[in-house]
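Undergrad: Contents of coords.pdb (PDB, C-alpha atoms) are below:
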ATOM      1  CA  MET A 357       8.127  -4.752  10.733
ATOM      2  CA  ILE A 358       8.046  -1.214   9.343
ATOM      3  CA  VAL A 359      11.429  -0.367  10.843
ATOM      4  CA  ALA A 360      13.122   2.790  12.332
ATOM      5  CA  PRO A 361      11.897   5.546  14.689
ATOM      6  CA  PRO A 362       8.114   6.096  14.541
ATOM      7  CA  MET A 363       8.216   9.872  14.056
ATOM      8  CA  ARG A 364      11.613  10.416  12.424
ATOM      9  CA  PRO A 365      12.200   9.144   8.874
ATOM     10  CA  ALA A 366      15.634   7.628   8.364
ATOM     11  CA  ALA A 367      17.940   8.833   5.598
ATOM     12  CA  ARG A 368      20.972   7.213   4.051
ATOM     13  CA  PRO A 369      24.257   9.183   4.110
ATOM     14  CA  SER A 370      24.238   9.329   0.313
ATOM     15  CA  GLY A 371      21.606   8.796  -2.335
ATOM     16  CA  PRO A 372      17.887   9.544  -2.103
ATOM     17  CA  PRO A 373      16.119   9.850   1.274
ATOM     18  CA  VAL A 374      14.622   6.616   2.599
ATOM     19  CA  HIS A 375      11.622   6.718   4.944
ATOM     20  CA  THR A 376      10.711   3.799   7.237
ATOM     21  CA  TRP A 377       8.579   3.524  10.368
ATOM     22  CA  SER A 378       8.810   1.460  13.543
ATOM     23  CA  LEU A 379       5.818  -0.127  15.239
ATOM     24  CA  ASP A 380       7.728  -1.599  18.171
ATOM     25  CA  ALA A 381       6.841   1.113  20.727
ATOM     26  CA  ILE A 382       3.222   1.563  19.613
ATOM     27  CA  PRO A 383       0.568  -0.259  21.693
ATOM     28  CA  LEU A 384      -1.357  -2.970  19.884
ATOM     29  CA  GLY A 385      -4.680  -1.636  18.669
ATOM     30  CA  ASP A 386      -3.455   1.963  18.288
ATOM     31  CA  LEU A 387      -3.037   3.877  15.044
ATOM     32  CA  PRO A 388       0.617   4.749  14.319
ATOM     33  CA  PRO A 389       1.015   8.519  14.980
ATOM     34  CA  SER A 390       2.792   9.054  11.653
ATOM     35  CA  PHE A 391      -0.310   7.934   9.733
ATOM     36  CA  LEU A 392      -3.760   9.373   9.045
ATOM     37  CA  SER A 393      -6.774   7.088   8.535
ATOM     38  CA  LEU A 394      -9.250   8.504   6.014
ATOM     39  CA  LYS A 395     -11.441   5.405   5.906
ATOM     40  CA  GLY A 396     -11.438   1.956   7.511
ATOM     41  CA  ARG A 397     -10.172   0.597  10.838
ATOM     42  CA  TRP A 398      -6.368   0.708  10.825
ATOM     43  CA  LYS A 399      -4.341  -0.420  13.840
ATOM     44  CA  VAL A 400      -1.064  -1.913  14.964
ATOM     45  CA  SER A 401      -1.408  -5.681  15.131
ATOM     46  CA  THR A 402       0.695  -8.842  15.035
ATOM     47  CA  VAL A 403       1.006 -11.924  12.847
ATOM     48  CA  ARG A 404       2.177 -15.126  14.478
ATOM     49  CA  THR A 405       5.142 -16.961  12.971
ATOM     50  CA  THR A 406       7.407 -19.840  13.967
ATOM     51  CA  GLY A 407       9.787 -17.154  15.249
ATOM     52  CA  PRO A 408       9.002 -13.779  16.844
ATOM     53  CA  ASP A 409       5.583 -12.326  16.029
ATOM     54  CA  ILE A 410       5.620  -9.797  13.174
ATOM     55  CA  ARG A 411       4.233  -6.346  13.986
ATOM     56  CA  THR A 412       2.007  -4.978  11.258
ATOM     57  CA  VAL A 413      -0.472  -2.294  10.339
ATOM     58  CA  GLU A 414      -3.805  -4.075   9.892
ATOM     59  CA  GLN A 415      -7.009  -2.959   8.177
ATOM     60  CA  SER A 416      -9.916  -4.795   9.841
ATOM     61  CA  ALA A 417     -13.082  -2.810   9.007
ATOM     62  CA  ARG A 418     -15.835  -4.677   7.181
ATOM     63  CA  SER A 419     -16.720  -1.762   4.958
ATOM     64  CA  ALA A 420     -19.400  -1.959   2.306
ATOM     65  CA  ASN A 421     -18.632  -2.384  -1.376
ATOM     66  CA  PRO A 422     -17.143  -0.268  -2.992
ATOM     67  CA  VAL A 423     -15.687   1.653  -0.020
ATOM     68  CA  TYR A 424     -11.926   2.273  -0.283
ATOM     69  CA  ASN A 425     -10.142   1.983   3.083
ATOM     70  CA  LEU A 426      -7.254   4.437   2.991
ATOM     71  CA  LEU A 427      -4.327   5.189   5.320
ATOM     72  CA  LEU A 428      -1.913   8.011   4.404
ATOM     73  CA  VAL A 429       1.533   8.944   5.732
ATOM     74  CA  LYS A 430       1.475  12.358   7.407
ATOM     75  CA  GLY A 431       3.741  15.144   6.171
ATOM     76  CA  LEU A 432       5.254  13.280   3.216
ATOM     77  CA  ARG A 433       4.500  14.526  -0.298
ATOM     78  CA  LEU A 434       6.427  13.122  -3.264
ATOM     79  CA  ALA A 435       6.081  12.961  -7.037
ATOM     80  CA  ASP A 436       8.954  10.674  -8.082
ATOM     81  CA  VAL A 437       8.884   7.815  -5.594
ATOM     82  CA  THR A 438       9.612   4.151  -4.917
ATOM     83  CA  ILE A 439       7.334   2.372  -2.433
ATOM     84  CA  ARG A 440       7.951  -1.133  -1.073
ATOM     85  CA  VAL A 441       5.751  -3.140   1.288
ATOM     86  CA  ARG A 442       4.934  -6.715   2.249
ATOM     87  CA  ILE A 443       1.255  -7.661   2.348
ATOM     88  CA  LEU A 444      -0.688 -10.546   3.891
ATOM     89  CA  SER A 445      -4.306 -11.083   2.884
ATOM     90  CA  VAL A 446      -6.327 -12.636   5.732
ATOM     91  CA  SER A 447      -9.983 -12.607   4.719
ATOM     92  CA  GLY A 448     -12.839 -10.850   2.972
ATOM     93  CA  LYS A 449     -16.022 -11.949   1.199
ATOM     94  CA  LEU A 450     -16.426  -8.851  -0.974
ATOM     95  CA  ASP A 451     -12.729  -8.153  -1.531
ATOM     96  CA  GLN A 452      -9.303  -9.290  -0.363
ATOM     97  CA  GLY A 453      -5.690  -8.178  -0.469
ATOM     98  CA  GLY A 454      -4.645  -4.573  -0.862
ATOM     99  CA  GLY A 455      -1.939  -2.277  -2.105
ATOM    100  CA  VAL A 456      -0.315   1.144  -2.019
ATOM    101  CA  VAL A 457      -1.310   4.633  -3.151
ATOM    102  CA  TRP A 458       0.868   7.558  -4.235
ATOM    103  CA  ARG A 459       0.569  11.107  -5.575
ATOM    104  CA  ALA A 460      -2.563  11.244  -3.433
ATOM    105  CA  SER A 461      -4.487  14.469  -2.916
ATOM    106  CA  GLY A 462      -6.866  13.642  -0.077
ATOM    107  CA  GLY A 463      -8.977  10.511  -0.296
ATOM    108  CA  ARG A 464     -10.453  10.963  -3.775
ATOM    109  CA  ASN A 465      -7.468  11.463  -6.094
ATOM    110  CA  TYR A 466      -4.471   9.105  -6.329
ATOM    111  CA  TYR A 467      -2.734   6.239  -8.093
ATOM    112  CA  ILE A 468      -3.330   2.780  -6.639
ATOM    113  CA  THR A 469      -1.822  -0.611  -7.386
ATOM    114  CA  ARG A 470      -3.203  -3.629  -5.572
ATOM    115  CA  TYR A 471      -3.357  -7.436  -5.602
ATOM    116  CA  ASN A 472      -6.650  -9.297  -5.004
ATOM    117  CA  PRO A 473      -6.490 -13.054  -4.217
ATOM    118  CA  LEU A 474     -10.224 -13.404  -4.939
ATOM    119  CA  GLU A 475      -9.679 -12.293  -8.532
ATOM    120  CA  ASP A 476      -6.097 -13.588  -8.959
ATOM    121  CA  ASN A 477      -4.946 -10.293 -10.440
ATOM    122  CA  LEU A 478      -2.611  -7.367  -9.895
ATOM    123  CA  ARG A 479      -4.052  -4.089 -11.128
ATOM    124  CA  LEU A 480      -3.069  -0.454 -11.505
ATOM    125  CA  TYR A 481      -5.716   2.264 -11.305
ATOM    126  CA  THR A 482      -6.230   5.970 -11.052
ATOM    127  CA  VAL A 483      -8.861   7.221  -8.618
ATOM    128  CA  LYS A 484      -9.984  10.673  -9.734
ATOM    129  CA  GLY A 485     -12.815  12.457  -7.983
ATOM    130  CA  GLY A 486     -13.531   9.177  -6.212
ATOM    131  CA  ARG A 487     -14.015   7.283  -9.482
ATOM    132  CA  ARG A 488     -11.631   4.443 -10.292
ATOM    133  CA  LYS A 489     -10.200   3.853 -13.773
ATOM    134  CA  GLN A 490      -8.162   0.755 -14.632
ATOM    135  CA  LEU A 491      -4.823   1.315 -16.370
ATOM    136  CA  ALA A 492      -3.450  -2.247 -16.352
ATOM    137  CA  SER A 493      -4.263  -5.776 -15.148
ATOM    138  CA  VAL A 494      -2.069  -8.883 -14.842
ATOM    139  CA  GLY A 495      -3.272 -12.357 -13.886
ATOM    140  CA  LEU A 496      -1.361 -13.794 -10.897
ATOM    141  CA  LYS A 497      -1.976 -16.489  -8.308
ATOM    142  CA  VAL A 498      -1.029 -15.918  -4.658
ATOM    143  CA  ALA A 499      -3.058 -17.812  -2.092
ATOM    144  CA  SER A 500      -4.822 -15.919   0.656
ATOM    145  CA  GLY A 501      -2.764 -16.258   3.813
ATOM    146  CA  LYS A 502       0.591 -16.029   2.012
ATOM    147  CA  TRP A 503       2.864 -12.964   2.200
ATOM    148  CA  PHE A 504       3.762 -11.177  -1.038
ATOM    149  CA  GLY A 505       5.985  -8.195  -1.775
ATOM    150  CA  LEU A 506       4.764  -5.195  -3.754
ATOM    151  CA  THR A 507       6.982  -2.437  -5.198
ATOM    152  CA  VAL A 508       5.939   0.553  -7.279
ATOM    153  CA  ARG A 509       8.254   3.088  -8.903
ATOM    154  CA  MET A 510       7.129   6.282 -10.597
ATOM    155  CA  LYS A 511       9.376   8.863 -12.215
ATOM    156  CA  GLY A 512       7.778  11.531 -14.343
ATOM    157  CA  ASP A 513       4.973   9.704 -16.127
ATOM    158  CA  HIS A 514       6.670   6.279 -16.047
ATOM    159  CA  ILE A 515       5.160   3.665 -13.697
ATOM    160  CA  GLN A 516       6.613   0.234 -12.945
ATOM    161  CA  VAL A 517       5.023  -2.288 -10.590
ATOM    162  CA  HIS A 518       6.908  -5.313  -9.256
ATOM    163  CA  MET A 519       5.369  -8.174  -7.306
ATOM    164  CA  ASP A 520       7.678 -10.577  -5.487
ATOM    165  CA  SER A 521      10.690  -8.931  -7.214
ATOM    166  CA  LYS A 522       9.375  -9.524 -10.749
ATOM    167  CA  LYS A 523       8.227  -6.653 -12.973
ATOM    168  CA  ARG A 524       4.555  -7.101 -13.807
ATOM    169  CA  ILE A 525       3.377  -3.675 -15.071
ATOM    170  CA  ASP A 526       5.261  -1.034 -17.069
ATOM    171  CA  LEU A 527       3.458   1.952 -18.598
ATOM    172  CA  HIS A 528       3.229   5.740 -18.873
ATOM    173  CA  ASP A 529       0.407   7.907 -17.517
ATOM    174  CA  LYS A 530      -0.034  11.647 -16.892
ATOM    175  CA  THR A 531      -3.240  11.726 -14.840
ATOM    176  CA  PHE A 532      -1.458  13.035 -11.716
ATOM    177  CA  THR A 533       1.785  15.009 -12.037
ATOM    178  CA  ALA A 534       2.028  16.947  -8.745
ATOM    179  CA  PRO A 535       3.631  15.631  -5.549
ATOM    180  CA  GLY A 536       1.207  13.853  -3.266
ATOM    181  CA  SER A 537       0.837  11.606  -0.264
ATOM    182  CA  VAL A 538       1.668   7.901  -0.119
ATOM    183  CA  GLY A 539      -0.206   5.289   1.842
ATOM    184  CA  LEU A 540      -1.894   1.905   2.179
ATOM    185  CA  TRP A 541      -5.203   0.771   0.675
ATOM    186  CA  THR A 542      -7.809  -1.972   0.864
ATOM    187  CA  LYS A 543     -11.332  -2.239  -0.466
ATOM    188  CA  ALA A 544     -14.604  -3.094   1.278
ATOM    189  CA  ASP A 545     -14.190  -5.912   3.852
ATOM    190  CA  ALA A 546     -10.635  -6.942   2.949
ATOM    191  CA  ARG A 547      -8.808  -7.736   6.190
ATOM    192  CA  THR A 548      -5.116  -7.259   5.419
ATOM    193  CA  HIS A 549      -1.747  -6.887   7.185
ATOM    194  CA  PHE A 550       1.043  -4.594   5.914
ATOM    195  CA  THR A 551       4.665  -4.585   7.077
ATOM    196  CA  ASP A 552       8.164  -3.403   6.048
ATOM    197  CA  LEU A 553       6.854  -0.202   4.436
ATOM    198  CA  ARG A 554       9.727   1.680   2.779
ATOM    199  CA  VAL A 555       9.416   4.918   0.791
ATOM    200  CA  GLU A 556      12.264   6.350  -1.287
ATOM    201  CA  LYS A 557      12.337   9.700  -3.035
TER     202      LYS A 557
END
For the structure just supplied, provide its representation as structure tokens.
TA:
Amino acid sequence: MIVAPPMRPAARPSGPPVHTWSLDAIPLGDLPPSFLSLKGRWKVSTVRTTGPDIRTVEQSARSANPVYNLLLVKGLRLADVTIRVRILSVSGKLDQGGGVVWRASGGRNYYITRYNPLEDNLRLYTVKGGRRKQLASVGLKVASGKWFGLTVRMKGDHIQVHMDSKKRIDLHDKTFTAPGSVGLWTKADARTHFTDLRVEK
């Protein structure tokens, strides 16, 4: 549910800082105050379950192809980072699913890894000057409407991407070396829920 106080990142007593965010006190339909929407329609929403409803950040804009819907965390700039999130793809005719961005400089320069149920693949890209370049692609099958976990780790030029706790991508790249923002990403009309966002330095 993207846990902890909405404006105050939590930190463990020892080890690297851990940042999490709570949605519990934020009205449904509002944008979490710790986040900045650069493109798309991002809002606090819920997903029904057999237990308590899950609070999420949802992207619901039906943007044109190839618009990138982007939501960044305010005031957090990291180079070496681990990002974890759970993602639920709901719908989309042009695109589905989504992922995370890091080492972002505004809305036109960043790393992105994402899963797309329409294409049955997990991919890693750079977006530089607004142009996307594929670094890796792995074929995977996760049905639309099913939660999946996504984790990315980058240290120096070494990138590892895990999906549902299994390593899927492992490579080195030096396109972006400076600290940058982290955030959430979808493409075009992909309607997607994100929850349990966790960022570690």
Undergrad: Quick one: contact table of region 375-435 of chain A to region 515-536 of chain A, 9 Å max, nearest atom pair and distance in Å to one decimal per residue, counting all atoms listed in the file, chain and number order, as JSON lines?
TA:
{"residue": "A:Leu432", "atom": "CA", "partner": "A:Gly536", "partner_atom": "CA", "distance": 7.7}
{"residue": "A:Arg433", "atom": "CA", "partner": "A:Gly536", "partner_atom": "CA", "distance": 4.5}
{"residue": "A:Leu434", "atom": "CA", "partner": "A:Pro535", "partner_atom": "CA", "distance": 4.4}
{"residue": "A:Ala435", "atom": "CA", "partner": "A:Pro535", "partner_atom": "CA", "distance": 3.9}
Undergrad: Separation of CA of Asn421 (chain A) and CA of Thr402 (chain A), in Å?
TA: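 Those two atoms sit 26.2 Å apart.
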Undergrad: Out of A:Tyr467, A:Leu427, A:Gly454, A:Thr376, which residue has the shortest atom-to-atom distance to Phe391 (chain A) when counting all atoms listed in the file?
TA: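 Among the listed residues, A:Leu427 lies closest to Phe391 (chain A).
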Undergrad: Return as JSON the centre and edge lengths, in Å with one decimal, of the box along x, y and z that encloses every atom of region 404-410 of chain A in the file, padded by 5 Å per side.
TA:
{"center_x": 6.0, "center_y": -14.8, "center_z": 14.9, "size_x": 17.6, "size_y": 20.0, "size_z": 13.9}
Undergrad: Which value, in Å to one decimal, gives the distance between CA of Ser493 (chain A) and CA of Leu553 (chain A)?
TA: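 About the pair CA of Ser493 (chain A) and CA of Leu553 (chain A): they are 23.2 Å apart.
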Undergrad: Using the chain letters and numbering of this document, enumerate as a PyMOL selection string the residues selected by the PyMOL selection byres ((chain A and resi 470-479) around 9).
TA: chain A and resi 445+448-457+468-469+480-481+490-500+506+519+524-525+541-542
Undergrad: With only C-alpha atoms as the basis for distance, which of A:Arg554, A:Lys543, A:Lys502, A:Arg459 is at the shortest distance from Trp377 (chain A)?
TA: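 Distance minimum relative to Trp377 (chain A) lands on A:Arg554.
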Undergrad: Run the PyMOL selection byres ((chain A and resi 396) around 8) on the file and write out the hits as a PDB file with C-alpha atoms, keeping the file's coordinate frame.
TA:
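Full text of out-v2.pdb as output:
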ATOM      1  CA  SER A 393      -6.774   7.088   8.535  1.00  0.00           C
ATOM      2  CA  LEU A 394      -9.250   8.504   6.014  1.00  0.00           C
ATOM      3  CA  LYS A 395     -11.441   5.405   5.906  1.00  0.00           C
ATOM      4  CA  ARG A 397     -10.172   0.597  10.838  1.00  0.00           C
ATOM      5  CA  TRP A 398      -6.368   0.708  10.825  1.00  0.00           C
ATOM      6  CA  GLN A 415      -7.009  -2.959   8.177  1.00  0.00           C
ATOM      7  CA  SER A 416      -9.916  -4.795   9.841  1.00  0.00           C
ATOM      8  CA  ALA A 417     -13.082  -2.810   9.007  1.00  0.00           C
ATOM      9  CA  ARG A 418     -15.835  -4.677   7.181  1.00  0.00           C
ATOM     10  CA  SER A 419     -16.720  -1.762   4.958  1.00  0.00           C
ATOM     11  CA  TYR A 424     -11.926   2.273  -0.283  1.00  0.00           C
ATOM     12  CA  ASN A 425     -10.142   1.983   3.083  1.00  0.00           C
ATOM     13  CA  LEU A 426      -7.254   4.437   2.991  1.00  0.00           C
TER      14      LEU A 426
END
Undergrad: My list of candidates is A:Asp545, A:Asp380, A:Asp552, A:Glu414. Which is closest to Thr507 (chain A) when distances are computed with only C-alpha atoms?
TA: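 Among the listed residues, the smallest separation from Thr507 (chain A) belongs to A:Asp552.
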Undergrad: Mind giving me the straight-line distance from CA of Ile382 (chain A) to CA of Thr551 (chain A) in Å, one decimal?
TA: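 So the answer is 14.0 Å.
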